[in-house]
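K.L.:
Before I ask anything, let me first share the structure, which is written out below as structure tokens.
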Number of protein chains: 2
Amino acid sequence: MREDIDPADAERVDHLPSVRDEADNIAEAFRLSVASAINERDLDRLRALTRSLHEADMGDLLESLDGDERRRLIELLGDDFDFTALTELDETVRVQILHGLSPRTVARGMRGLDSDDAVYILEDLSEEDVAAILEHMPAPERVALLRSLDYPEESAGRRMQTEFIAVPPFWTVGRTIDYMRETEGLPETFYEVFVVDPAYRLVGAVSLDRLLRTKRQVLITQVKTAHVQVVNAAEDQEEVARTFEHYNLVSAPVVDDANRLVGVMTIDDVVDVIQEEADEDLRALAGVGSDEELSDTVAYTARSRLPWLVVNLGTAFVSASIISLFEGTIEKMVALAVLMPIVASMGGNAGTQTMTVAVRALATKDLSTHNARRIVSRELLVGLFNGTALACLLGGIAALWFANLHLGFVISAALVLNMAAAGLFGILIPLGISRLRLDPAVASGVFVTMVTDCVGFMAFLGLATWWFGGP
Amino acid sequence: MREDIDPADAERVDHLPSVRDEADNIAEAFRLSVASAINERDLDRLRALTRSLHEADMGDLLESLDGDERRRLIELLGDDFDFTALTELDETVRVQILHGLSPRTVARGMRGLDSDDAVYILEDLSEEDVAAILEHMPAPERVALLRSLDYPEESAGRRMQTEFIAVPPFWTVGRTIDYMRETEGLPETFYEVFVVDPAYRLVGAVSLDRLLRTKRQVLITQVKTAHVQVVNAAEDQEEVARTFEHYNLVSAPVVDDANRLVGVMTIDDVVDVIQEEADEDLRALAGVGSDEELSDTVAYTARSRLPWLVVNLGTAFVSASIISLFEGTIEKMVALAVLMPIVASMGGNAGTQTMTVAVRALATKDLSTHNARRIVSRELLVGLFNGTALACLLGGIAALWFANLHLGFVISAALVLNMAAAGLFGILIPLGISRLRLDPAVASGVFVTMVTDCVGFMAFLGLATWWFGGP
């Protein structure tokens, strides 16, 4: 929740509609005020409405406006519009806004940004668009941005901020503080000061609280931490996020292959990565592309979801062909057709439980060769245990429903077999996929449900054929 | 990656085995050295091995040891053991270790901790255990911990650190810095200084970088930010995480109902919450309890997963009873039994895709009344679109397989119907559940697959009965 603590401030904005409604969305009244200010080109009112907006709220406001209003809002506000707000938008919306603006306007807006935000905005655009924008920027910034864009996608080099404070080891704490007081153009926020040698190689870091608690005459080298978690610029952002999470970091220096300091990664970028990675796993397990967004069109969404459905159609045919082996048995005893989806569905659910746990444990590195054997046998036993418990229930109901005790025994045995297979393959499949250095979240689901469907139909119909006699 | 930058340091630990292996797990050689040092009670070696370990690495080391070694490691190291490492453990392991130690040892270890870590360690223990430990702690700390434990579980009050720096508005920047230089017992890490009135009500905050960049004689009240994102102590941690993420915060003041400053939440706690919440959604969608851990036993795991499987058994019977309505038709045309799982399974997959997107969008507040109508119609259209595309494929193959063109038409029509239902109910069900103020991640899965199974069987078998004539 946002609180206006300063009463003077609160009074000043008193006559403005409140930004958010009860459900924490952009309030309709606020959106309408902004839209009418845009349409009437009432710049004073527009400035008053948006002046105290946090960049994240400005982002939400932009998303709530329609395409043309977005562009005109940015053009009207001119230098009063903080381009950082664009980093808060869905990619689709951001690209659409950037295409609507002239390269000169974009370049002008980007000048005030931290380098990581600038890269974030540029990286979704085509090479020509990037070139057109960079043309309007001063040479030093252009070079710095091009260097960042040279790093691979989703690497630390793309996410890092190239503005940071580095001082030589022979400076005192006092001199460092004076330097910060007197220098213009320091990064907007920072949490530590780096200590570098003349070749700009990192020799340590000092957190700001440490700096503030130390007497002025102390040498910086005496208070620096030598053990610093260092990130390599080429490292994948997921790897970086894991380091931040593991060591509870707020910022970390980024170095190139020669161990020279080239930037700093901060926690706010990492939080987004952590959220994205967890989301990616979740979507991958359901067969939804990691880049799908709510703002996507019907055609785009449908096309991106289709491939996984086609794969699923293929595996569904595999299980259908197993059923077709037993057509004769089903013809003689149609109750089998009624009951067979139950066995398959129970196995599918148990397999998904195991697989979900395995995929996340692999992603967080909790599951490794170290404990794989124990977890595999645990999952097999859990499958057998729950399979037996549910078999009593399912067998009993099936026997009563079709007044056939034998049918109860057959379906019970089939369920135990399928639940054991679900536990076993629910963990072995993700383990195997990750051993092949592929992402287990993406492909495990298809294989696990294929196995539980096939084993389910095969065990139930096979046992029934054997027990009640073949066709 | 951890880098020992100081060459002197590197030399000193040169003869020690490296902590991690190539797969980034605790190295077997390191684990064995520690275990043998424990068993030989070789305190010097044990200290040398563990001295430079980060708390997170110590946590991983503890998890790799067996139960008795864990306890003895902590007892041998005594005051050299940093209890913060316990916050890095699985709950099961942590509770087991705490039960093995005497309340006096635990109380001694807790004294050095930040209050949020102390609360995190205590909150999983029984009331008697907590009381026994607190008995051995100094009164002020005991009272502070009890006050934190009084807040509801998963609230900001539980996660906040009660150590912070607050200064009156009339202090200068210089006096504030001098205060921090001269005062003992300041919090271990902090990112901002709070400004409070005599009643300890929050009037603003100053980030450390701002403080460092300002001249000594400036009044603190002149550099403070008045617009501060404030967290209420009773607020749910998930709500707090969303605020941190939305506004890119690193720390935020926590106030009580009277707006008095009572603590500070920092990003490291929030990162864990973000990870946990995403994990919870993922597990809930698969029917796995949010508190399940890899270290759990077979019996515990099986019992915790059983309820969802029983629910699924119930819904499986619902679809089985729909199939049983058409026993006569199946008896006459057994191909229907072979093909019917395909229609149900495709619907289930498409429904899961839509539902996953909806559940996450609801969790991140991207989906709201604002855009619900548009997303519902998008999902329905995506279902119809992909349904039609896949129906051509499925219909063609089915017609060829059973050499029956009519069968191809029937299954095509059934698939389009079921895919449309999947899109529609895949979003309406989570929306409805969240409207009832329940967690859509927990219950959506059961209902969505029940709907797609039922619609799938009903549409396919019903259309077939009508087309080919009743029993």
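Convention: chains lettered A, B, ... in structure tokens order; per-chain residue numbering from 1; ligands numbered from 1 as shown.
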Give me, as a PDB file with N, CA, C and O atoms, in the first residue's frame, all polymer residues having an atom no more than 9 Å from range 297-309 of chain B, counting only C-alpha atoms and skipping those fewer than 5 positions away in the same chain.
P.N.:
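The new file out13.pdb reads:
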```pdb
ATOM      1  N   MET A 346      -6.117 -41.834 -12.501  1.00  0.00           N
ATOM      2  CA  MET A 346      -5.472 -41.866 -11.181  1.00  0.00           C
ATOM      3  C   MET A 346      -3.945 -41.911 -11.333  1.00  0.00           C
ATOM      4  O   MET A 346      -3.226 -41.231 -10.611  1.00  0.00           O
ATOM      5  N   ASN A 349      -2.633 -38.504 -12.375  1.00  0.00           N
ATOM      6  CA  ASN A 349      -2.560 -37.545 -11.270  1.00  0.00           C
ATOM      7  C   ASN A 349      -1.395 -37.822 -10.339  1.00  0.00           C
ATOM      8  O   ASN A 349      -0.669 -36.909  -9.944  1.00  0.00           O
ATOM      9  N   ALA A 350      -1.216 -39.085  -9.964  1.00  0.00           N
ATOM     10  CA  ALA A 350      -0.114 -39.430  -9.063  1.00  0.00           C
ATOM     11  C   ALA A 350       1.222 -39.128  -9.742  1.00  0.00           C
ATOM     12  O   ALA A 350       2.145 -38.604  -9.117  1.00  0.00           O
ATOM     13  N   GLN A 353       1.920 -35.433  -9.616  1.00  0.00           N
ATOM     14  CA  GLN A 353       2.383 -35.007  -8.285  1.00  0.00           C
ATOM     15  C   GLN A 353       3.889 -35.227  -8.155  1.00  0.00           C
ATOM     16  O   GLN A 353       4.652 -34.308  -7.821  1.00  0.00           O
ATOM     17  N   ARG A 378      11.705 -43.493  -2.515  1.00  0.00           N
ATOM     18  CA  ARG A 378      10.594 -42.927  -1.754  1.00  0.00           C
ATOM     19  C   ARG A 378       9.356 -42.789  -2.637  1.00  0.00           C
ATOM     20  O   ARG A 378       8.250 -43.163  -2.242  1.00  0.00           O
ATOM     21  N   GLU A 379       9.535 -42.292  -3.859  1.00  0.00           N
ATOM     22  CA  GLU A 379       8.392 -42.076  -4.734  1.00  0.00           C
ATOM     23  C   GLU A 379       7.721 -43.391  -5.139  1.00  0.00           C
ATOM     24  O   GLU A 379       6.506 -43.486  -5.217  1.00  0.00           O
ATOM     25  N   LEU A 381       7.688 -46.123  -3.316  1.00  0.00           N
ATOM     26  CA  LEU A 381       6.953 -46.592  -2.145  1.00  0.00           C
ATOM     27  C   LEU A 381       5.678 -45.789  -1.912  1.00  0.00           C
ATOM     28  O   LEU A 381       4.631 -46.343  -1.577  1.00  0.00           O
ATOM     29  N   VAL A 382       5.763 -44.463  -2.121  1.00  0.00           N
ATOM     30  CA  VAL A 382       4.559 -43.633  -1.980  1.00  0.00           C
ATOM     31  C   VAL A 382       3.496 -44.099  -2.977  1.00  0.00           C
ATOM     32  O   VAL A 382       2.320 -44.229  -2.639  1.00  0.00           O
ATOM     33  N   GLY A 383       3.928 -44.404  -4.213  1.00  0.00           N
ATOM     34  CA  GLY A 383       2.999 -44.894  -5.236  1.00  0.00           C
ATOM     35  C   GLY A 383       2.351 -46.209  -4.819  1.00  0.00           C
ATOM     36  O   GLY A 383       1.134 -46.378  -4.936  1.00  0.00           O
ATOM     37  N   PHE A 385       2.070 -47.421  -1.796  1.00  0.00           N
ATOM     38  CA  PHE A 385       1.285 -47.194  -0.582  1.00  0.00           C
ATOM     39  C   PHE A 385      -0.077 -46.583  -0.913  1.00  0.00           C
ATOM     40  O   PHE A 385      -1.134 -47.136  -0.581  1.00  0.00           O
ATOM     41  N   ASN A 386      -0.065 -45.459  -1.630  1.00  0.00           N
ATOM     42  CA  ASN A 386      -1.329 -44.814  -2.001  1.00  0.00           C
ATOM     43  C   ASN A 386      -2.110 -45.668  -2.992  1.00  0.00           C
ATOM     44  O   ASN A 386      -3.341 -45.691  -2.963  1.00  0.00           O
ATOM     45  N   ALA A 389      -3.967 -48.206  -0.927  1.00  0.00           N
ATOM     46  CA  ALA A 389      -5.089 -47.588  -0.204  1.00  0.00           C
ATOM     47  C   ALA A 389      -6.250 -47.305  -1.148  1.00  0.00           C
ATOM     48  O   ALA A 389      -7.406 -47.638  -0.860  1.00  0.00           O
ATOM     49  N   LEU A 390      -5.942 -46.705  -2.312  1.00  0.00           N
ATOM     50  CA  LEU A 390      -7.002 -46.348  -3.250  1.00  0.00           C
ATOM     51  C   LEU A 390      -7.576 -47.578  -3.941  1.00  0.00           C
ATOM     52  O   LEU A 390      -8.754 -47.583  -4.320  1.00  0.00           O
TER      53      LEU A 390
ATOM     54  N   GLY B 287      -1.687 -30.752  -7.050  1.00  0.00           N
ATOM     55  CA  GLY B 287      -2.221 -31.471  -5.906  1.00  0.00           C
ATOM     56  C   GLY B 287      -1.156 -31.942  -4.941  1.00  0.00           C
ATOM     57  O   GLY B 287      -1.253 -33.018  -4.353  1.00  0.00           O
ATOM     58  N   VAL B 288      -0.106 -31.133  -4.778  1.00  0.00           N
ATOM     59  CA  VAL B 288       0.925 -31.458  -3.800  1.00  0.00           C
ATOM     60  C   VAL B 288       0.882 -30.381  -2.726  1.00  0.00           C
ATOM     61  O   VAL B 288       0.778 -29.201  -3.035  1.00  0.00           O
ATOM     62  N   GLY B 289       0.950 -30.779  -1.447  1.00  0.00           N
ATOM     63  CA  GLY B 289       0.859 -29.821  -0.347  1.00  0.00           C
ATOM     64  C   GLY B 289       2.008 -28.835  -0.379  1.00  0.00           C
ATOM     65  O   GLY B 289       3.113 -29.161  -0.804  1.00  0.00           O
ATOM     66  N   GLU B 292       5.241 -29.831   1.622  1.00  0.00           N
ATOM     67  CA  GLU B 292       5.985 -31.059   1.361  1.00  0.00           C
ATOM     68  C   GLU B 292       7.440 -30.743   1.037  1.00  0.00           C
ATOM     69  O   GLU B 292       7.735 -29.813   0.294  1.00  0.00           O
ATOM     70  N   GLY B 314     -13.148 -39.535  -6.986  1.00  0.00           N
ATOM     71  CA  GLY B 314     -14.562 -39.138  -7.033  1.00  0.00           C
ATOM     72  C   GLY B 314     -14.933 -38.570  -8.392  1.00  0.00           C
ATOM     73  O   GLY B 314     -15.929 -38.982  -9.010  1.00  0.00           O
ATOM     74  N   VAL B 446      -9.082 -29.870 -10.308  1.00  0.00           N
ATOM     75  CA  VAL B 446     -10.105 -30.911 -10.208  1.00  0.00           C
ATOM     76  C   VAL B 446     -11.311 -30.591 -11.076  1.00  0.00           C
ATOM     77  O   VAL B 446     -11.790 -31.438 -11.819  1.00  0.00           O
TER      78      VAL B 446
END
```
K.L.:
When DSSP works through the backbone of this structure, what residues of range 170-203 of chain A end up as alpha helix (DSSP H), shown as a list in words?
P.N.:
Val173, Gly174, Arg175, Thr176, Ile177, Asp178, Tyr179, Met180, Arg181 and Glu182 of chain A
K.L.:
Can you measure CA of Arg47 in chain B to CA of Leu73 in chain B for me? One decimal in Å is fine.
P.N.:
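Interatomic distance, CA of Arg47 in chain B to CA of Leu73 in chain B: 10.0 Å.
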K.L.:
With distances taken over only C-alpha atoms, which of A:Ala233, A:Leu43, A:Ala363, A:Val311 is nearest to Ile274 in chain A?
P.N.:
A:Ala363
K.L.:
May I have the residues within 8 Å of Glu163 in chain A as a PyMOL selection string, using only C-alpha atoms and disregarding those fewer than 5 positions away in the same chain?
P.N.:
chain A and resi 114-115+186-187+263-264
K.L.:
Those residues you just picked out, can you put them in a file as a compact mmCIF listing (two decimals), in the first residue's frame with N, CA and C atoms?
P.N.:
```txt
# COMPACT_ATOMS: atom_id res chain seq x y z
N ASP A 114 19.12 4.19 -16.24
CA ASP A 114 20.23 3.31 -15.90
C ASP A 114 20.43 2.37 -17.08
N SER A 115 21.68 1.95 -17.29
CA SER A 115 21.99 1.17 -18.49
C SER A 115 21.20 -0.14 -18.55
N LEU A 186 26.39 10.04 -10.39
CA LEU A 186 26.55 8.71 -9.78
C LEU A 186 25.32 7.88 -10.10
N PRO A 187 25.40 6.54 -10.00
CA PRO A 187 24.21 5.72 -10.24
C PRO A 187 23.07 6.15 -9.30
N GLY A 263 30.40 -4.07 -14.33
CA GLY A 263 29.05 -3.64 -13.98
C GLY A 263 28.62 -4.19 -12.64
N VAL A 264 27.35 -3.97 -12.32
CA VAL A 264 26.82 -4.48 -11.06
C VAL A 264 25.40 -4.99 -11.31
```
K.L.:
Give the answer as one residue: which of A:Ala320, A:Phe83, A:Glu75, A:Leu122 has the shortest atom-to-atom distance to Trp401 in chain B, using only C-alpha atoms?
P.N.:
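Of all the options, A:Ala320 lies closest to Trp401 in chain B.
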K.L.:
Could you tell me which of B:Leu125, B:Leu49, B:Leu249, B:Ala139 comes closest to chain A if we count only C-alpha atoms?
P.N.:
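Counting only C-alpha atoms, the residue closest to chain A is B:Leu249.
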K.L.:
Which residue is closest to chain A? Choose from B:Glu153, B:Glu40, B:Asp66, B:Asp57 and count only C-alpha atoms.
P.N.:
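Closest residue, counting only C-alpha atoms: B:Asp57.
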K.L.:
Do a neighbour search on range 403-415 of chain A at 8 Å with only C-alpha atoms, toss out local chain neighbours closer than 6 positions, and write the hits as a PyMOL selection string.
P.N.:
chain A and resi 343+346-347+387-388+390-392+394-397+456+459-460+463-464+467
